[in-house]
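Data block for entry.cif (mmCIF, C-alpha atoms):
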```cif
data_upload
#
loop_
_atom_site.label_atom_id
_atom_site.label_comp_id
_atom_site.auth_asym_id
_atom_site.auth_seq_id
_atom_site.Cartn_x
_atom_site.Cartn_y
_atom_site.Cartn_z
CA MET A 1 -10.31 -9.36 25.80
CA GLU A 2 -7.63 -6.68 25.42
CA TYR A 3 -4.93 -9.09 26.57
CA ILE A 4 -6.06 -11.50 23.86
CA GLY A 5 -5.88 -8.57 21.44
CA TYR A 6 -2.27 -7.82 22.38
CA LEU A 7 -1.40 -11.48 21.84
CA ALA A 8 -3.18 -11.39 18.48
CA ALA A 9 -1.07 -8.36 17.52
CA VAL A 10 2.01 -10.58 17.78
CA GLY A 11 0.26 -13.04 15.45
CA ILE A 12 -0.37 -10.23 12.96
CA GLY A 13 3.36 -9.58 12.72
CA ILE A 14 4.29 -13.26 12.62
CA SER A 15 1.93 -13.92 9.71
CA LEU A 16 3.42 -11.02 7.75
CA GLY A 17 6.96 -12.19 8.44
CA LEU A 18 6.22 -15.78 7.47
CA ILE A 19 4.08 -15.47 4.35
CA GLY A 20 4.16 -11.78 3.39
CA GLY A 21 0.44 -11.34 3.98
CA GLY A 22 -2.44 -12.12 6.27
CA GLY A 23 -1.77 -9.29 8.71
CA SER A 24 -4.73 -7.25 7.53
CA ILE A 25 -7.05 -10.23 7.71
CA LEU A 26 -6.32 -10.37 11.43
CA THR A 27 -5.96 -6.68 12.23
CA VAL A 28 -9.44 -5.36 11.45
CA PRO A 29 -11.37 -8.10 13.34
CA VAL A 30 -8.94 -7.80 16.29
CA LEU A 31 -9.47 -4.04 16.49
CA VAL A 32 -13.24 -4.25 16.08
CA TYR A 33 -14.10 -7.24 18.26
CA LEU A 34 -11.34 -7.28 20.89
CA PHE A 35 -10.61 -3.56 21.29
CA LYS A 36 -14.16 -2.38 20.42
CA ILE A 37 -13.02 0.17 17.84
CA GLU A 38 -15.56 1.46 15.33
CA PRO A 39 -15.09 -0.34 11.97
CA LEU A 40 -14.23 2.69 9.82
CA MET A 41 -11.63 3.86 12.35
CA ALA A 42 -10.38 0.27 12.59
CA THR A 43 -9.68 0.22 8.86
CA SER A 44 -7.52 3.34 9.22
CA TYR A 45 -5.69 1.93 12.24
CA SER A 46 -5.18 -1.32 10.34
CA LEU A 47 -3.51 0.49 7.46
CA PHE A 48 -0.99 2.13 9.79
CA ILE A 49 -0.24 -1.03 11.82
CA VAL A 50 0.19 -3.25 8.79
CA GLY A 51 2.06 -0.56 6.84
CA ILE A 52 4.73 0.26 9.40
CA THR A 53 5.13 -3.41 10.35
CA SER A 54 5.56 -4.49 6.71
CA LEU A 55 8.04 -1.69 6.01
CA LEU A 56 10.34 -2.82 8.81
CA GLY A 57 9.74 -6.48 7.96
CA ALA A 58 10.93 -5.90 4.37
CA GLY A 59 14.40 -4.96 5.68
CA PRO A 60 15.79 -8.49 6.03
CA TYR A 61 14.49 -9.43 2.58
CA PHE A 62 16.18 -6.36 1.11
CA LYS A 63 19.47 -7.38 2.71
CA ASN A 64 19.14 -10.84 1.15
CA ASN A 65 18.27 -9.39 -2.30
CA LEU A 66 14.78 -10.90 -2.15
CA ILE A 67 12.77 -7.90 -3.39
CA ASP A 68 11.89 -7.41 -7.06
CA PHE A 69 11.83 -3.61 -7.26
CA LYS A 70 10.70 -3.50 -10.89
CA THR A 71 7.59 -5.55 -10.14
CA ALA A 72 7.03 -3.61 -6.93
CA LEU A 73 7.02 -0.37 -8.95
CA TYR A 74 4.64 -1.42 -11.73
CA PHE A 75 2.36 -3.36 -9.37
CA GLY A 76 2.71 -1.03 -6.40
CA LEU A 77 2.31 2.42 -7.98
CA PRO A 78 -1.20 1.81 -9.44
CA SER A 79 -2.10 0.15 -6.16
CA ILE A 80 -0.93 3.18 -4.14
CA LEU A 81 -2.86 5.59 -6.36
CA THR A 82 -6.03 3.50 -6.20
CA VAL A 83 -5.95 3.01 -2.44
CA PHE A 84 -5.31 6.74 -1.91
CA PHE A 85 -8.19 7.70 -4.23
CA THR A 86 -10.49 5.18 -2.53
CA ARG A 87 -9.71 6.41 0.99
CA GLN A 88 -9.71 10.09 0.07
CA TYR A 89 -12.79 10.29 -2.17
CA LEU A 90 -14.75 7.07 -2.68
CA ILE A 91 -15.33 5.83 0.86
CA ASP A 92 -17.04 9.05 1.99
CA HIS A 93 -19.58 8.72 -0.81
CA ILE A 94 -20.74 5.29 0.33
CA PRO A 95 -24.16 5.80 1.99
CA ASN A 96 -24.53 4.99 5.70
CA ILE A 97 -27.35 2.60 4.84
CA LEU A 98 -26.51 0.43 1.84
CA PHE A 99 -29.72 -1.59 1.47
CA HIS A 100 -32.28 -3.73 3.29
CA PHE A 101 -32.27 -7.51 3.02
CA GLY A 102 -35.69 -8.48 4.29
CA GLU A 103 -35.77 -7.11 7.85
CA VAL A 104 -31.99 -6.81 8.02
CA GLU A 105 -30.56 -3.32 7.52
CA ILE A 106 -27.10 -3.41 5.91
CA SER A 107 -25.17 -0.34 7.07
CA LYS A 108 -21.87 0.94 5.74
CA ASN A 109 -20.01 -0.49 8.74
CA MET A 110 -21.71 -3.85 8.41
CA GLY A 111 -21.10 -3.87 4.66
CA ILE A 112 -17.37 -3.23 5.17
CA MET A 113 -17.08 -6.07 7.67
CA LEU A 114 -19.09 -8.47 5.47
CA LEU A 115 -16.98 -7.60 2.44
CA PHE A 116 -13.91 -8.25 4.55
CA ALA A 117 -15.33 -11.61 5.65
CA VAL A 118 -15.99 -12.64 2.03
CA LEU A 119 -12.39 -11.78 1.15
CA MET A 120 -11.24 -13.81 4.13
CA LEU A 121 -13.20 -16.83 2.85
CA PHE A 122 -11.71 -16.38 -0.63
CA ALA A 123 -8.20 -16.09 0.80
CA SER A 124 -8.68 -19.15 3.01
CA TYR A 125 -9.84 -21.20 0.00
CA ARG A 126 -6.72 -20.24 -1.96
CA MET A 127 -4.45 -21.11 0.94
CA ILE A 128 -6.15 -24.39 1.85
CA LYS A 129 -6.65 -25.70 -1.68
CA SER A 130 -3.05 -25.62 -2.80
CA SER A 131 0.17 -23.66 -2.73
CA PRO A 132 0.37 -21.04 -5.49
CA GLU A 133 3.69 -22.46 -6.68
CA ASP A 134 1.88 -25.56 -7.90
CA LYS A 135 0.11 -23.48 -10.54
CA ILE A 136 3.07 -21.68 -12.04
CA GLN A 137 3.19 -21.94 -15.80
CA LYS A 138 6.12 -21.19 -18.03
CA GLN A 139 5.45 -17.85 -19.66
CA GLY A 140 7.38 -15.05 -21.25
CA ASN A 141 8.55 -11.85 -19.68
CA GLN A 142 6.32 -9.94 -17.31
CA LYS A 143 3.76 -7.79 -19.08
CA LEU A 144 3.16 -4.33 -17.69
CA LEU A 145 -0.61 -4.07 -18.27
CA PRO A 146 -1.52 -7.15 -16.17
CA LEU A 147 0.77 -5.90 -13.39
CA ILE A 148 -0.91 -2.49 -13.48
CA LEU A 149 -4.43 -3.97 -13.46
CA GLN A 150 -3.55 -6.38 -10.64
CA GLY A 151 -2.13 -3.51 -8.60
CA ALA A 152 -5.17 -1.29 -9.17
CA GLY A 153 -7.53 -4.08 -8.09
CA VAL A 154 -5.58 -4.74 -4.91
CA GLY A 155 -5.52 -0.99 -4.18
CA LEU A 156 -9.30 -0.73 -4.44
CA ILE A 157 -9.79 -3.59 -1.98
CA SER A 158 -7.12 -2.21 0.36
CA GLY A 159 -8.76 1.20 0.44
CA LEU A 160 -12.25 -0.13 1.13
CA VAL A 161 -11.50 -2.62 3.89
CA GLY A 162 -8.26 -1.30 5.37
CA ALA A 163 -6.26 -4.28 4.16
CA GLY A 164 -2.71 -4.32 2.92
CA GLY A 165 -3.75 -6.89 0.32
CA GLY A 166 -0.98 -9.42 0.89
CA PHE A 167 -3.39 -12.33 0.69
CA LEU A 168 -4.11 -11.23 -2.89
CA ILE A 169 -0.62 -9.95 -3.80
CA ILE A 170 1.22 -13.20 -3.00
CA PRO A 171 -0.84 -15.43 -5.36
CA ALA A 172 -0.69 -12.76 -8.09
CA LEU A 173 3.10 -12.45 -7.89
CA ILE A 174 3.68 -16.20 -7.86
CA ILE A 175 1.03 -17.40 -10.31
CA PHE A 176 1.13 -14.62 -12.90
CA ASN A 177 4.69 -13.34 -12.50
CA GLN A 178 6.61 -16.57 -11.82
CA MET A 179 8.26 -15.41 -8.59
CA ASP A 180 9.73 -17.81 -6.09
CA MET A 181 8.09 -17.76 -2.65
CA LYS A 182 10.81 -15.86 -0.80
CA THR A 183 11.04 -13.06 -3.39
CA ALA A 184 7.24 -12.83 -3.51
CA VAL A 185 7.13 -12.39 0.26
CA GLY A 186 9.76 -9.64 0.24
CA THR A 187 8.15 -7.83 -2.69
CA SER A 188 4.71 -8.20 -1.14
CA LEU A 189 5.87 -6.61 2.13
CA LEU A 190 7.21 -3.58 0.25
CA ILE A 191 3.97 -3.17 -1.73
CA ILE A 192 1.85 -3.67 1.40
CA ALA A 193 3.86 -1.03 3.26
CA ALA A 194 3.37 1.53 0.48
CA ASN A 195 -0.33 0.72 0.03
CA SER A 196 -1.12 0.82 3.72
CA LEU A 197 0.80 3.95 4.69
CA PHE A 198 -0.49 5.99 1.74
CA GLY A 199 -4.00 4.77 2.49
CA PHE A 200 -3.63 5.82 6.13
CA ILE A 201 -2.35 9.27 5.16
CA GLY A 202 -5.20 9.65 2.70
CA LYS A 203 -7.75 9.41 5.52
CA LEU A 204 -5.68 10.86 8.36
CA GLU A 205 -7.51 12.95 10.94
CA ILE A 206 -4.98 13.70 13.66
CA ALA A 207 -7.54 14.69 16.30
CA GLN A 208 -9.29 11.32 16.12
CA VAL A 209 -6.20 9.10 16.27
CA ASN A 210 -5.30 7.49 19.60
CA TRP A 211 -1.57 7.49 18.92
CA GLU A 212 -0.61 5.83 22.20
CA PHE A 213 -2.81 2.84 21.46
CA LEU A 214 -1.89 2.76 17.78
CA LEU A 215 1.87 2.86 18.37
CA THR A 216 1.56 0.23 21.11
CA ILE A 217 -0.20 -2.25 18.81
CA ALA A 218 2.20 -1.45 15.96
CA GLY A 219 5.18 -2.02 18.27
CA ILE A 220 3.82 -5.40 19.35
CA ALA A 221 3.18 -6.36 15.70
CA ILE A 222 6.77 -5.34 14.83
CA ILE A 223 8.04 -7.78 17.45
CA GLY A 224 5.88 -10.40 15.78
CA ILE A 225 7.22 -9.73 12.28
CA LEU A 226 10.80 -10.00 13.53
CA ILE A 227 9.91 -13.38 15.01
CA GLY A 228 8.12 -14.44 11.82
CA THR A 229 11.02 -13.37 9.61
CA ARG A 230 13.47 -15.33 11.74
CA ILE A 231 11.27 -18.43 11.63
CA SER A 232 10.83 -18.11 7.86
CA GLN A 233 14.58 -18.54 7.40
CA ASN A 234 14.28 -22.09 8.76
CA ILE A 235 10.76 -23.11 7.71
CA ASP A 236 9.25 -23.14 4.24
CA GLY A 237 6.45 -20.59 4.45
CA LYS A 238 4.21 -22.45 1.98
CA LYS A 239 3.84 -25.32 4.46
CA LEU A 240 2.12 -22.95 6.86
CA LYS A 241 -0.42 -21.74 4.31
CA PRO A 242 -3.02 -24.54 4.75
CA ALA A 243 -3.04 -24.21 8.55
CA PHE A 244 -3.28 -20.44 8.33
CA GLY A 245 -6.00 -20.83 5.72
CA TRP A 246 -8.17 -22.83 8.11
CA PHE A 247 -7.66 -20.18 10.77
CA VAL A 248 -8.70 -17.43 8.34
CA LEU A 249 -11.74 -19.48 7.29
CA ILE A 250 -12.90 -19.75 10.91
CA MET A 251 -12.36 -16.02 11.50
CA GLY A 252 -14.29 -15.15 8.34
CA LEU A 253 -17.26 -17.25 9.47
CA VAL A 254 -17.12 -15.67 12.94
CA VAL A 255 -17.24 -12.18 11.42
CA ILE A 256 -20.27 -13.08 9.28
CA ILE A 257 -22.10 -14.58 12.27
CA GLN A 258 -21.23 -11.58 14.46
CA GLU A 259 -22.47 -9.03 11.91
CA LEU A 260 -25.68 -10.83 10.93
CA SER A 261 -26.63 -11.48 14.56
CA LYS A 262 -26.59 -7.77 15.47
#
```

Show how you would write the structure in this file as structure tokens.
Amino acid sequence: MEYIGYLAAVGIGISLGLIGGGGSILTVPVLVYLFKIEPLMATSYSLFIVGITSLLGAGPYFKNNLIDFKTALYFGLPSILTVFFTRQYLIDHIPNILFHFGEVEISKNMGIMLLFAVLMLFASYRMIKSSPEDKIQKQGNQKLLPLILQGAGVGLISGLVGAGGGFLIIPALIIFNQMDMKTAVGTSLLIIAANSLFGFIGKLEIAQVNWEFLLTIAGIAIIGILIGTRISQNIDGKKLKPAFGWFVLIMGLVVIIQELSK
């Protein structure tokens, strides 16, 4: 199973390089189900892997002037603050047992994975149904308050489930902020990197981190994002969204079945 996990790590990077998101959707299930890492630790590992991979992946987009730094600031800063607050303060106050559903006991770990699965289903629907560019409407200049609120919402989700939030950032940047796909991908990678790395630092416990494993997976994912970025120069990323959406849908259903069958 570990060999499959290493192969999946390449896919994590490729998805980030191609569409500026999706890495987190893959990372947590890969760590939990293929490498048998406890879910809360997996969310922390996911933040580091996705963060460092996205940061390096944003380089080529920066060179090609495909990052909107103004949007990244107003969207990214509230997101960073929210994800840091969530990881540092909120997550520890979530009870170990959330509630009982009939005879099923919903624990914190199970709740995190089920929340992640629901987000995966939502993301798959958005990717399968249509490309975000189809919904762009002519509007005025970007308004700061919507950007701030969008960023804060993404930060909350990122902090809870260890996700960089790219599968939510991309539609928000394109639909509400009229960005073209390539600029949205570059901007998303920068925001994801900041969100993820600050979230990881906010819950960092050096003694518990297996740095050899973590750096190995991150290194493999970096290879993947370099491949994905190169491919994206020749292939329109939006054409890959429906196929990736079906893959995410299947993974989301697998996570739900796995958790409820325990």

| request: Evaluate the PyMOL selection byres ((chain A and resi 253) around 10) and record the selected residues as an NGL selection string, following the chain and residue labels used in the document. | output: :A and (114 or 117-118 or 120-121 or 248-252 or 254-258)

| message | Let me make sure I understand: among A:Ile148, A:Ile231, A:Ile4, A:Ile80, which one has the smallest atom-to-atom distance to Gly165 of chain A if we use all atoms listed in the file? | response |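 Under the stated criterion, the closest residue is A:Ile80.
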
| request: Give me the result of the PyMOL selection byres ((chain A and resi 38) around 12) on this file, residue by residue, as a list in words. | output: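 This file gives the following for the PyMOL selection byres ((chain A and resi 38) around 12): Val28, Pro29, Val30, Leu31, Val32, Tyr33, Leu34, Phe35, Lys36, Ile37, Pro39, Leu40, Met41, Ala42, Thr43, Ser44, Tyr45, Ser46, Lys108, Asn109, Met110, Ile112, Met113 and Gln208 of chain A.
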
| task | Considering all atoms listed in the file, state which residue in the set A:Phe200, A:Lys143, A:Asn65, A:Arg126 is at the smallest distance from Gln178 of chain A. | result |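 Checking each of A:Phe200, A:Lys143, A:Asn65, A:Arg126 against Gln178 of chain A, counting all atoms listed in the file, the winner is A:Lys143.
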
| If you count all atoms listed in the file, which residues fall within 8 Å of Gly166 of chain A, apart from same-chain ones fewer than 6 positions away, as a list in words? | Gly20, Gly21, Gly22, Gly23, Ser24, Ser188, Leu189 and Ile192 of chain A

| said: I need the residue nearest Phe84 of chain A from this list: A:Ile12, A:Ile106, A:Leu144, A:Ile201. Use only C-alpha atoms for the distance. | reply: A:Ile201

| message | On this structure, the PyMOL selection byres ((chain A and resi 96) around 8) would catch which residues? List them as a PyMOL selection string, sorted by chain and number. | response | chain A and resi 94-95+97-98+107-109
